[in-house]
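Let me begin by presenting the structure, written as structure tokens, before commenting on it.
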Amino acid sequence: MESNRAKSHAARRGLSPMTNTDSKLRDLLGGVLEHALAHLDNLDNIPVAATADLSTLRRRICKPLAKEGIPADRIIDDLVSDVRGGILGSAGGRFFGWVVGAAMPAALAADWLTSAWDQNAALYATAPAAAVIEEAAGAWLKDILGLPSQASFALVTGCQMAHVTGLAAARHSLLAKSGWDVEQQGLYGAPAIRILSSSLLHGSFERAVRLLGLGLAQVHVLPSDSDGRLEQGVLESALQSNPSAPTIVLLQAGDVNTGAFDRFEAIIPLAKRYGAWVHVDGAFGLWVAATPRYRHLVKGVEAADSWATDGHKWLNVPFDCGYAFVNDAQAHRASLSHRASYLTHDAEARDEMDWNPEWSRRSRGFATYAALRELGRDGVAQLVDRCCEHAHSLVMKIGSLLGAEVLWEPAINQGLVRFRDPEPGASEEDHDRRTEEVMAAILSTGEAFFGGTTWRGHRAMRISVSSWRTSDKDVERVVNAVASVLKVPVAQ
Ligand SMILES: *Cc1c(COP(=O)(O)O)cnc(C)c1O
């Protein structure tokens, strides 16, 4: 009654429905909690893949924008029903497409608070606690990833912007050595920066190269070994061919198909002998440093100049969250810092803007901080180990089904299988087609989500496990689902 009276009173005074009373906001957020729990509680029962098609989603979502505002609770109810069938099950344990982590409970909760607190984490002055949280999170991240403790860092949107951050510092440093102030003079007339890479480079690295004006033509993809890793001899002759050229060497810590790692211990010192800047793409793979079982794969990686990784993949922080680290803090800061007189810079505290490509930004540190505290050192190690075990079981069990084949047995959390056309004399194209067919059939069961890839000329189903939620039960359920798509028994 009271609230109705208040409502009509508000209406008489021409107040917009956005002027929530406290109890309205409480009801609204309480309702959101129920919606969120309904989604998370139901992950085991709803299809992992989309069930609504593009035209359905458009029909429901692309409404005309009304002249008048709408009460918040109705907007949320509409939102929840309009997106039905268009939310993938990536928060659950049976999502193995691309490399997509779920969200640790504390990280999800801290992410909600981040929105409620609504801080602008540009400077210490605009969000003091957020600046200190990032300070703490950055130190923990370096520690757990085995990176130099004096390295500077930035919490960015993802590995994409971590590449941009690392390469901006590289560009500054390499050109400064040639007496060129790139921030002031730009790239017009600057010496070209050569970029040497294995064949495993990710598209996000190429986009960083484009954004920074380095130019894709400068990227030399070197012939790599059978696992796609840079070979010492090949890299050395490339470096020797123009020993004084400013050079970036891109190395891979876990590529998206097979999780391959470059041999950092041998390659980095070699690149450094020629004055190259070594940048490491470790979007998910860098996290193996957290566990004694896999740490050997990143041996020597700490000698690089910059590293890019993600929080939203293996650390299971909600999207979006990535991390850039730069050994030469001065180069990092010089490439991004902006000093404007109207801003209140703090001499002692961390001003994120000095290290981040963004200006106003979300305080991304809270969720990272929460995930790391919830897991602890042991928890991160166990999360990585567990994902690797599950990836191995999935690939080997699916690959042993009649009509399936293991293309890549996981060394970490990434593996590949394909499906063979049973017809006698079937061609490679037939196997490719069969692989696509089976993958589509698996998706339509709603039991699991896998992505496809082309690997060494074959279509393959990629299996990536990065969710803290994936369990033995999930693995069993998914293997059963694939077996029933193939109409074959599961080997005991
Ligand atoms: C995911 C990924 C990227 C891109 O990271 P985003 O977080 O999506 O920007 C880069 N490199 C590798 C190896 C990846 O797996």
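Ligands are numbered from 1 in the order shown, chains are lettered A, B, ... in the order of the structure tokens, and residues start at 1 in each chain.
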
Query raised in the report: Mind listing the residues within 10 Å of ligand 1, only C-alpha atoms and all ligand atoms counted, as a PyMOL selection string?
Result: chain A and resi 98-100+156-163+200-206+252-257+259-260+280-286+308-313+319-323

Would you mind exporting N, CA and C atoms of the selected residues as a CSV table (one decimal), in the first residue's frame?
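Writing the result to again-v6.csv gives the following:
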```csv
chain,number,residue,atom,x,y,z
A,98,TRP,N,36.9,-22.7,-27.7
A,98,TRP,CA,37.9,-21.7,-27.6
A,98,TRP,C,38.7,-22.0,-26.3
A,99,VAL,N,39.1,-20.9,-25.6
A,99,VAL,CA,39.7,-21.1,-24.3
A,99,VAL,C,38.9,-20.2,-23.4
A,100,VAL,N,37.9,-20.7,-22.7
A,100,VAL,CA,37.0,-19.9,-21.9
A,100,VAL,C,36.8,-20.4,-20.5
A,156,VAL,N,44.2,-5.2,-17.8
A,156,VAL,CA,43.5,-4.7,-19.0
A,156,VAL,C,42.3,-5.6,-19.3
A,157,THR,N,41.7,-5.4,-20.5
A,157,THR,CA,40.5,-6.1,-20.8
A,157,THR,C,40.8,-7.6,-21.2
A,158,GLY,N,42.0,-7.9,-21.7
A,158,GLY,CA,42.2,-9.3,-22.1
A,158,GLY,C,43.6,-9.3,-22.7
A,159,CYS,N,44.0,-10.5,-23.2
A,159,CYS,CA,45.3,-10.7,-23.7
A,159,CYS,C,45.5,-9.7,-24.9
A,160,GLN,N,44.4,-9.4,-25.6
A,160,GLN,CA,44.6,-8.5,-26.8
A,160,GLN,C,45.2,-7.2,-26.3
A,161,MET,N,44.6,-6.6,-25.3
A,161,MET,CA,45.2,-5.3,-24.9
A,161,MET,C,46.5,-5.5,-24.1
A,162,ALA,N,46.7,-6.7,-23.6
A,162,ALA,CA,48.0,-6.9,-22.9
A,162,ALA,C,49.1,-6.9,-24.0
A,163,HIS,N,48.8,-7.4,-25.2
A,163,HIS,CA,49.7,-7.4,-26.3
A,163,HIS,C,50.0,-5.9,-26.7
A,200,LEU,N,53.0,-20.0,-34.7
A,200,LEU,CA,51.8,-20.2,-33.7
A,200,LEU,C,51.2,-18.9,-33.3
A,201,LEU,N,51.6,-17.8,-34.0
A,201,LEU,CA,51.1,-16.5,-33.5
A,201,LEU,C,49.6,-16.4,-33.5
A,202,HIS,N,49.0,-15.8,-32.5
A,202,HIS,CA,47.6,-15.6,-32.4
A,202,HIS,C,47.2,-14.3,-33.1
A,203,GLY,N,46.0,-14.3,-33.6
A,203,GLY,CA,45.4,-13.1,-34.3
A,203,GLY,C,45.5,-11.9,-33.5
A,204,SER,N,45.4,-12.0,-32.2
A,204,SER,CA,45.3,-10.8,-31.3
A,204,SER,C,46.7,-10.1,-31.3
A,205,PHE,N,47.7,-10.9,-31.5
A,205,PHE,CA,49.1,-10.3,-31.6
A,205,PHE,C,49.1,-9.4,-32.9
A,206,GLU,N,48.6,-10.0,-34.0
A,206,GLU,CA,48.7,-9.3,-35.3
A,206,GLU,C,47.8,-8.0,-35.2
A,252,GLN,N,55.6,-18.1,-27.7
A,252,GLN,CA,54.3,-18.6,-27.3
A,252,GLN,C,54.4,-19.5,-26.1
A,253,ALA,N,53.6,-19.2,-25.1
A,253,ALA,CA,53.4,-20.0,-23.9
A,253,ALA,C,52.0,-20.6,-24.0
A,254,GLY,N,51.9,-21.7,-24.7
A,254,GLY,CA,50.6,-22.4,-24.8
A,254,GLY,C,49.8,-21.8,-26.0
A,255,ASP,N,49.9,-22.5,-27.2
A,255,ASP,CA,49.2,-22.1,-28.3
A,255,ASP,C,47.8,-22.7,-28.3
A,256,VAL,N,46.8,-22.1,-29.0
A,256,VAL,CA,45.4,-22.5,-28.9
A,256,VAL,C,45.1,-23.9,-29.3
A,257,ASN,N,45.8,-24.5,-30.2
A,257,ASN,CA,45.5,-25.8,-30.6
A,257,ASN,C,46.1,-26.9,-29.8
A,259,GLY,N,48.6,-26.2,-27.2
A,259,GLY,CA,49.2,-25.8,-26.0
A,259,GLY,C,50.7,-25.8,-26.0
A,260,ALA,N,51.3,-25.6,-27.2
A,260,ALA,CA,52.7,-25.7,-27.4
A,260,ALA,C,53.4,-24.5,-26.7
A,280,VAL,N,56.0,-12.4,-24.8
A,280,VAL,CA,55.5,-13.8,-24.6
A,280,VAL,C,54.0,-13.7,-24.6
A,281,ASP,N,53.3,-14.5,-25.5
A,281,ASP,CA,51.9,-14.6,-25.5
A,281,ASP,C,51.6,-15.9,-24.6
A,282,GLY,N,51.2,-15.6,-23.4
A,282,GLY,CA,50.8,-16.7,-22.5
A,282,GLY,C,49.4,-16.6,-22.0
A,283,ALA,N,48.5,-16.3,-23.0
A,283,ALA,CA,47.1,-16.0,-22.6
A,283,ALA,C,46.6,-17.0,-21.5
A,284,PHE,N,46.8,-18.3,-21.8
A,284,PHE,CA,46.4,-19.2,-20.7
A,284,PHE,C,47.6,-20.0,-20.2
A,285,GLY,N,48.6,-20.2,-21.2
A,285,GLY,CA,49.7,-21.2,-20.9
A,285,GLY,C,50.6,-20.7,-19.8
A,286,LEU,N,50.7,-19.4,-19.6
A,286,LEU,CA,51.6,-18.9,-18.6
A,286,LEU,C,51.2,-19.4,-17.2
A,308,ALA,N,52.0,-11.3,-21.8
A,308,ALA,CA,50.6,-11.1,-21.9
A,308,ALA,C,49.9,-12.3,-21.4
A,309,THR,N,48.9,-12.1,-20.5
A,309,THR,CA,48.1,-13.3,-20.1
A,309,THR,C,46.7,-12.8,-19.8
A,310,ASP,N,45.8,-13.8,-19.4
A,310,ASP,CA,44.4,-13.5,-19.1
A,310,ASP,C,44.1,-13.8,-17.7
A,311,GLY,N,43.1,-13.1,-17.2
A,311,GLY,CA,42.4,-13.5,-16.0
A,311,GLY,C,41.2,-14.3,-16.3
A,312,HIS,N,40.5,-13.9,-17.4
A,312,HIS,CA,39.2,-14.5,-17.7
A,312,HIS,C,39.3,-15.9,-18.3
A,313,LYS,N,40.5,-16.4,-18.5
A,313,LYS,CA,40.6,-17.8,-19.0
A,313,LYS,C,40.9,-18.7,-17.8
A,319,PHE,N,34.6,-12.2,-17.4
A,319,PHE,CA,35.0,-11.3,-18.4
A,319,PHE,C,34.7,-9.9,-18.0
A,320,ASP,N,35.6,-8.9,-18.5
A,320,ASP,CA,36.8,-9.2,-19.2
A,320,ASP,C,38.0,-8.8,-18.3
A,321,CYS,N,39.1,-9.6,-18.5
A,321,CYS,CA,40.2,-9.4,-17.6
A,321,CYS,C,41.5,-10.0,-18.1
A,322,GLY,N,42.5,-9.1,-18.4
A,322,GLY,CA,43.8,-9.6,-18.8
A,322,GLY,C,44.9,-8.9,-18.1
A,323,TYR,N,46.1,-9.4,-18.2
A,323,TYR,CA,47.2,-8.8,-17.5
A,323,TYR,C,48.4,-8.6,-18.5
```

Requested in this report: Check range 149-279 of chain A with DSSP on the backbone and list each residue it calls strand (DSSP E or B), as an MDAnalysis selection string.
Outcome: chainID A and resid 152:156 194:197 219:221 224 230 247:253 261 277:279

Requested in this report: Give me the residues within 8 Å of range 380-391 of chain A as a VMD selection string, counting only C-alpha atoms and dropping any in the same chain fewer than 6 places off.
Outcome: chain A and resid 287 to 288 290 to 293 314 to 315 372 410 to 415 463 to 468 470 to 472 475

**Report entry** Contacts of range 338-349 of chain A within 7 Å, only C-alpha atoms, excl. fewer than 3 positions in-chain, as a ChimeraX atom specification
**Finding:** /A:124-125,354

I need the residues from that last selection saved to file as a PDB file, in the first residue's frame (with N, CA and C atoms), if you can.
```pdb
ATOM      1  N   TYR A 124      44.702   6.808  -8.474  1.00  0.00           N
ATOM      2  CA  TYR A 124      44.507   6.626  -7.036  1.00  0.00           C
ATOM      3  C   TYR A 124      43.449   7.603  -6.536  1.00  0.00           C
ATOM      4  N   ALA A 125      43.498   8.827  -7.022  1.00  0.00           N
ATOM      5  CA  ALA A 125      42.574   9.857  -6.543  1.00  0.00           C
ATOM      6  C   ALA A 125      41.122   9.521  -6.860  1.00  0.00           C
ATOM      7  N   ASP A 354      48.926   5.406 -15.682  1.00  0.00           N
ATOM      8  CA  ASP A 354      50.325   5.429 -16.106  1.00  0.00           C
ATOM      9  C   ASP A 354      50.731   4.125 -16.787  1.00  0.00           C
TER      10      ASP A 354
END
```

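When only C-alpha atoms are used to measure the gap to Thr258 in chain A, the shortest distance among A:His392, A:Lys272, A:Arg26, A:Arg434 belongs to A:His392.
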
Report task. Name all residues at most 12 Å from Leu28 in chain A (count only C-alpha atoms; drop same-chain ones fewer than 2 positions away) and give them as a list in words. Result -> Met18, Asn20, Thr21, Asp22, Ser23, Lys24, Leu25, Arg26, Gly30, Gly31, Val32, Leu33, Glu34, His35, Pro71, Ala72, Asp73, Arg74, Ile75, Ile76 and Asp77 of chain A

Would you write out those residues with all heavy atoms, as a short mmCIF file (atom, residue, chain, number, x, y, z; two decimals), in the first residue's frame?
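Generated output (part_20.cif):
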```cif
data_model
loop_
_atom_site.label_atom_id
_atom_site.label_comp_id
_atom_site.auth_asym_id
_atom_site.auth_seq_id
_atom_site.Cartn_x
_atom_site.Cartn_y
_atom_site.Cartn_z
N MET A 18 12.97 5.91 -12.67
CA MET A 18 14.33 5.61 -12.26
C MET A 18 14.63 6.05 -10.82
O MET A 18 15.62 5.67 -10.26
CB MET A 18 15.34 6.27 -13.20
CG MET A 18 15.42 5.57 -14.54
SD MET A 18 16.77 6.17 -15.53
CE MET A 18 16.49 7.89 -15.56
N ASN A 20 14.40 5.21 -7.82
CA ASN A 20 14.07 4.08 -6.98
C ASN A 20 14.10 4.46 -5.52
O ASN A 20 14.98 5.15 -5.06
CB ASN A 20 15.10 2.97 -7.17
CG ASN A 20 14.83 2.22 -8.43
OD1 ASN A 20 13.78 1.62 -8.58
ND2 ASN A 20 15.77 2.25 -9.35
N THR A 21 13.11 4.00 -4.81
CA THR A 21 13.24 4.08 -3.36
C THR A 21 14.22 2.99 -2.99
O THR A 21 14.51 2.09 -3.76
CB THR A 21 11.90 3.78 -2.67
OG1 THR A 21 11.54 2.44 -2.99
CG2 THR A 21 10.82 4.72 -3.14
N ASP A 22 14.74 3.02 -1.77
CA ASP A 22 15.69 2.01 -1.35
C ASP A 22 15.11 0.61 -1.46
O ASP A 22 15.77 -0.33 -1.85
CB ASP A 22 16.12 2.28 0.09
CG ASP A 22 17.11 3.43 0.13
OD1 ASP A 22 17.54 3.88 -0.96
OD2 ASP A 22 17.44 3.88 1.22
N SER A 23 13.83 0.48 -1.09
CA SER A 23 13.25 -0.86 -1.10
C SER A 23 13.09 -1.36 -2.52
O SER A 23 13.17 -2.54 -2.79
CB SER A 23 11.94 -0.89 -0.34
OG SER A 23 10.93 -0.27 -1.09
N LYS A 24 12.87 -0.43 -3.46
CA LYS A 24 12.76 -0.85 -4.86
C LYS A 24 14.09 -1.38 -5.36
O LYS A 24 14.14 -2.38 -6.08
CB LYS A 24 12.35 0.34 -5.72
CG LYS A 24 10.87 0.42 -6.00
CD LYS A 24 10.64 1.58 -6.93
CE LYS A 24 9.31 1.52 -7.62
NZ LYS A 24 9.15 2.75 -8.42
N LEU A 25 15.14 -0.69 -4.99
CA LEU A 25 16.47 -1.14 -5.43
C LEU A 25 16.79 -2.50 -4.80
O LEU A 25 17.34 -3.39 -5.44
CB LEU A 25 17.53 -0.10 -5.03
CG LEU A 25 18.94 -0.40 -5.51
CD1 LEU A 25 19.01 -0.49 -7.02
CD2 LEU A 25 19.91 0.68 -5.03
N ARG A 26 16.39 -2.62 -3.54
CA ARG A 26 16.61 -3.89 -2.85
C ARG A 26 15.86 -5.02 -3.58
O ARG A 26 16.41 -6.10 -3.81
CB ARG A 26 16.13 -3.77 -1.40
CG ARG A 26 16.34 -4.98 -0.53
CD ARG A 26 16.00 -4.65 0.91
NE ARG A 26 16.87 -3.60 1.42
CZ ARG A 26 18.06 -3.84 1.99
NH1 ARG A 26 18.48 -5.07 2.13
NH2 ARG A 26 18.81 -2.85 2.40
N GLY A 30 17.64 -8.01 -5.45
CA GLY A 30 17.23 -9.32 -4.95
C GLY A 30 16.72 -10.19 -6.09
O GLY A 30 17.04 -11.38 -6.17
N GLY A 31 15.96 -9.57 -6.97
CA GLY A 31 15.45 -10.30 -8.13
C GLY A 31 16.58 -10.75 -9.04
O GLY A 31 16.57 -11.87 -9.57
N VAL A 32 17.57 -9.89 -9.19
CA VAL A 32 18.73 -10.25 -10.03
C VAL A 32 19.47 -11.43 -9.41
O VAL A 32 19.91 -12.34 -10.12
CB VAL A 32 19.66 -9.03 -10.18
CG1 VAL A 32 21.01 -9.44 -10.72
CG2 VAL A 32 19.02 -8.01 -11.11
N LEU A 33 19.59 -11.41 -8.09
CA LEU A 33 20.23 -12.54 -7.40
C LEU A 33 19.49 -13.84 -7.74
O LEU A 33 20.12 -14.86 -8.06
CB LEU A 33 20.22 -12.29 -5.88
CG LEU A 33 20.68 -13.47 -5.03
CD1 LEU A 33 22.15 -13.77 -5.29
CD2 LEU A 33 20.45 -13.18 -3.55
N GLU A 34 18.16 -13.79 -7.70
CA GLU A 34 17.39 -15.00 -8.03
C GLU A 34 17.60 -15.42 -9.48
O GLU A 34 17.78 -16.60 -9.77
CB GLU A 34 15.89 -14.75 -7.76
CG GLU A 34 15.54 -14.56 -6.29
CD GLU A 34 16.11 -15.67 -5.40
OE1 GLU A 34 16.04 -16.86 -5.81
OE2 GLU A 34 16.64 -15.36 -4.31
N HIS A 35 17.62 -14.45 -10.39
CA HIS A 35 17.85 -14.77 -11.80
C HIS A 35 19.23 -15.40 -11.98
O HIS A 35 19.41 -16.36 -12.72
CB HIS A 35 17.77 -13.51 -12.67
CG HIS A 35 16.36 -13.04 -12.91
ND1 HIS A 35 15.38 -13.84 -13.41
CD2 HIS A 35 15.80 -11.81 -12.75
CE1 HIS A 35 14.26 -13.16 -13.55
NE2 HIS A 35 14.48 -11.91 -13.14
N PRO A 71 10.21 0.78 -15.89
CA PRO A 71 10.69 0.41 -14.55
C PRO A 71 11.79 -0.65 -14.62
O PRO A 71 11.73 -1.58 -15.44
CB PRO A 71 9.45 -0.15 -13.86
CG PRO A 71 8.29 0.42 -14.61
CD PRO A 71 8.76 0.62 -16.03
N ALA A 72 12.76 -0.49 -13.75
CA ALA A 72 13.96 -1.33 -13.80
C ALA A 72 13.64 -2.82 -13.68
O ALA A 72 14.22 -3.65 -14.38
CB ALA A 72 14.92 -0.90 -12.71
N ASP A 73 12.69 -3.17 -12.77
CA ASP A 73 12.43 -4.60 -12.58
C ASP A 73 11.86 -5.23 -13.84
O ASP A 73 12.17 -6.37 -14.17
CB ASP A 73 11.53 -4.84 -11.36
CG ASP A 73 10.22 -4.07 -11.45
OD1 ASP A 73 10.10 -3.19 -12.34
OD2 ASP A 73 9.32 -4.34 -10.63
N ARG A 74 11.06 -4.44 -14.58
CA ARG A 74 10.51 -4.99 -15.83
C ARG A 74 11.61 -5.18 -16.88
O ARG A 74 11.62 -6.14 -17.63
CB ARG A 74 9.41 -4.07 -16.36
CG ARG A 74 8.30 -4.88 -17.04
CD ARG A 74 7.27 -3.98 -17.67
NE ARG A 74 7.48 -3.89 -19.11
CZ ARG A 74 7.02 -2.88 -19.85
NH1 ARG A 74 6.37 -1.88 -19.28
NH2 ARG A 74 7.24 -2.87 -21.15
N ILE A 75 12.55 -4.23 -16.88
CA ILE A 75 13.65 -4.34 -17.84
C ILE A 75 14.44 -5.63 -17.59
O ILE A 75 14.77 -6.37 -18.52
CB ILE A 75 14.60 -3.13 -17.73
CG1 ILE A 75 13.84 -1.86 -18.09
CG2 ILE A 75 15.81 -3.31 -18.65
CD1 ILE A 75 14.55 -0.60 -17.70
N ILE A 76 14.70 -5.90 -16.32
CA ILE A 76 15.47 -7.10 -15.99
C ILE A 76 14.67 -8.36 -16.33
O ILE A 76 15.20 -9.31 -16.91
CB ILE A 76 15.89 -7.09 -14.49
CG1 ILE A 76 16.81 -5.89 -14.22
CG2 ILE A 76 16.58 -8.38 -14.12
CD1 ILE A 76 18.05 -5.80 -15.10
N ASP A 77 13.40 -8.37 -16.01
CA ASP A 77 12.58 -9.54 -16.35
C ASP A 77 12.55 -9.75 -17.87
O ASP A 77 12.69 -10.87 -18.36
CB ASP A 77 11.14 -9.37 -15.81
CG ASP A 77 11.11 -9.48 -14.29
OD1 ASP A 77 12.10 -9.99 -13.70
OD2 ASP A 77 10.11 -9.05 -13.68
#
```

Query - One-decimal distance in Å that lies between CA of His220 in chain A and CA of Leu239 in chain A - result: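 We find that CA of Leu239 in chain A and CA of His220 in chain A lie 11.1 Å from each other.
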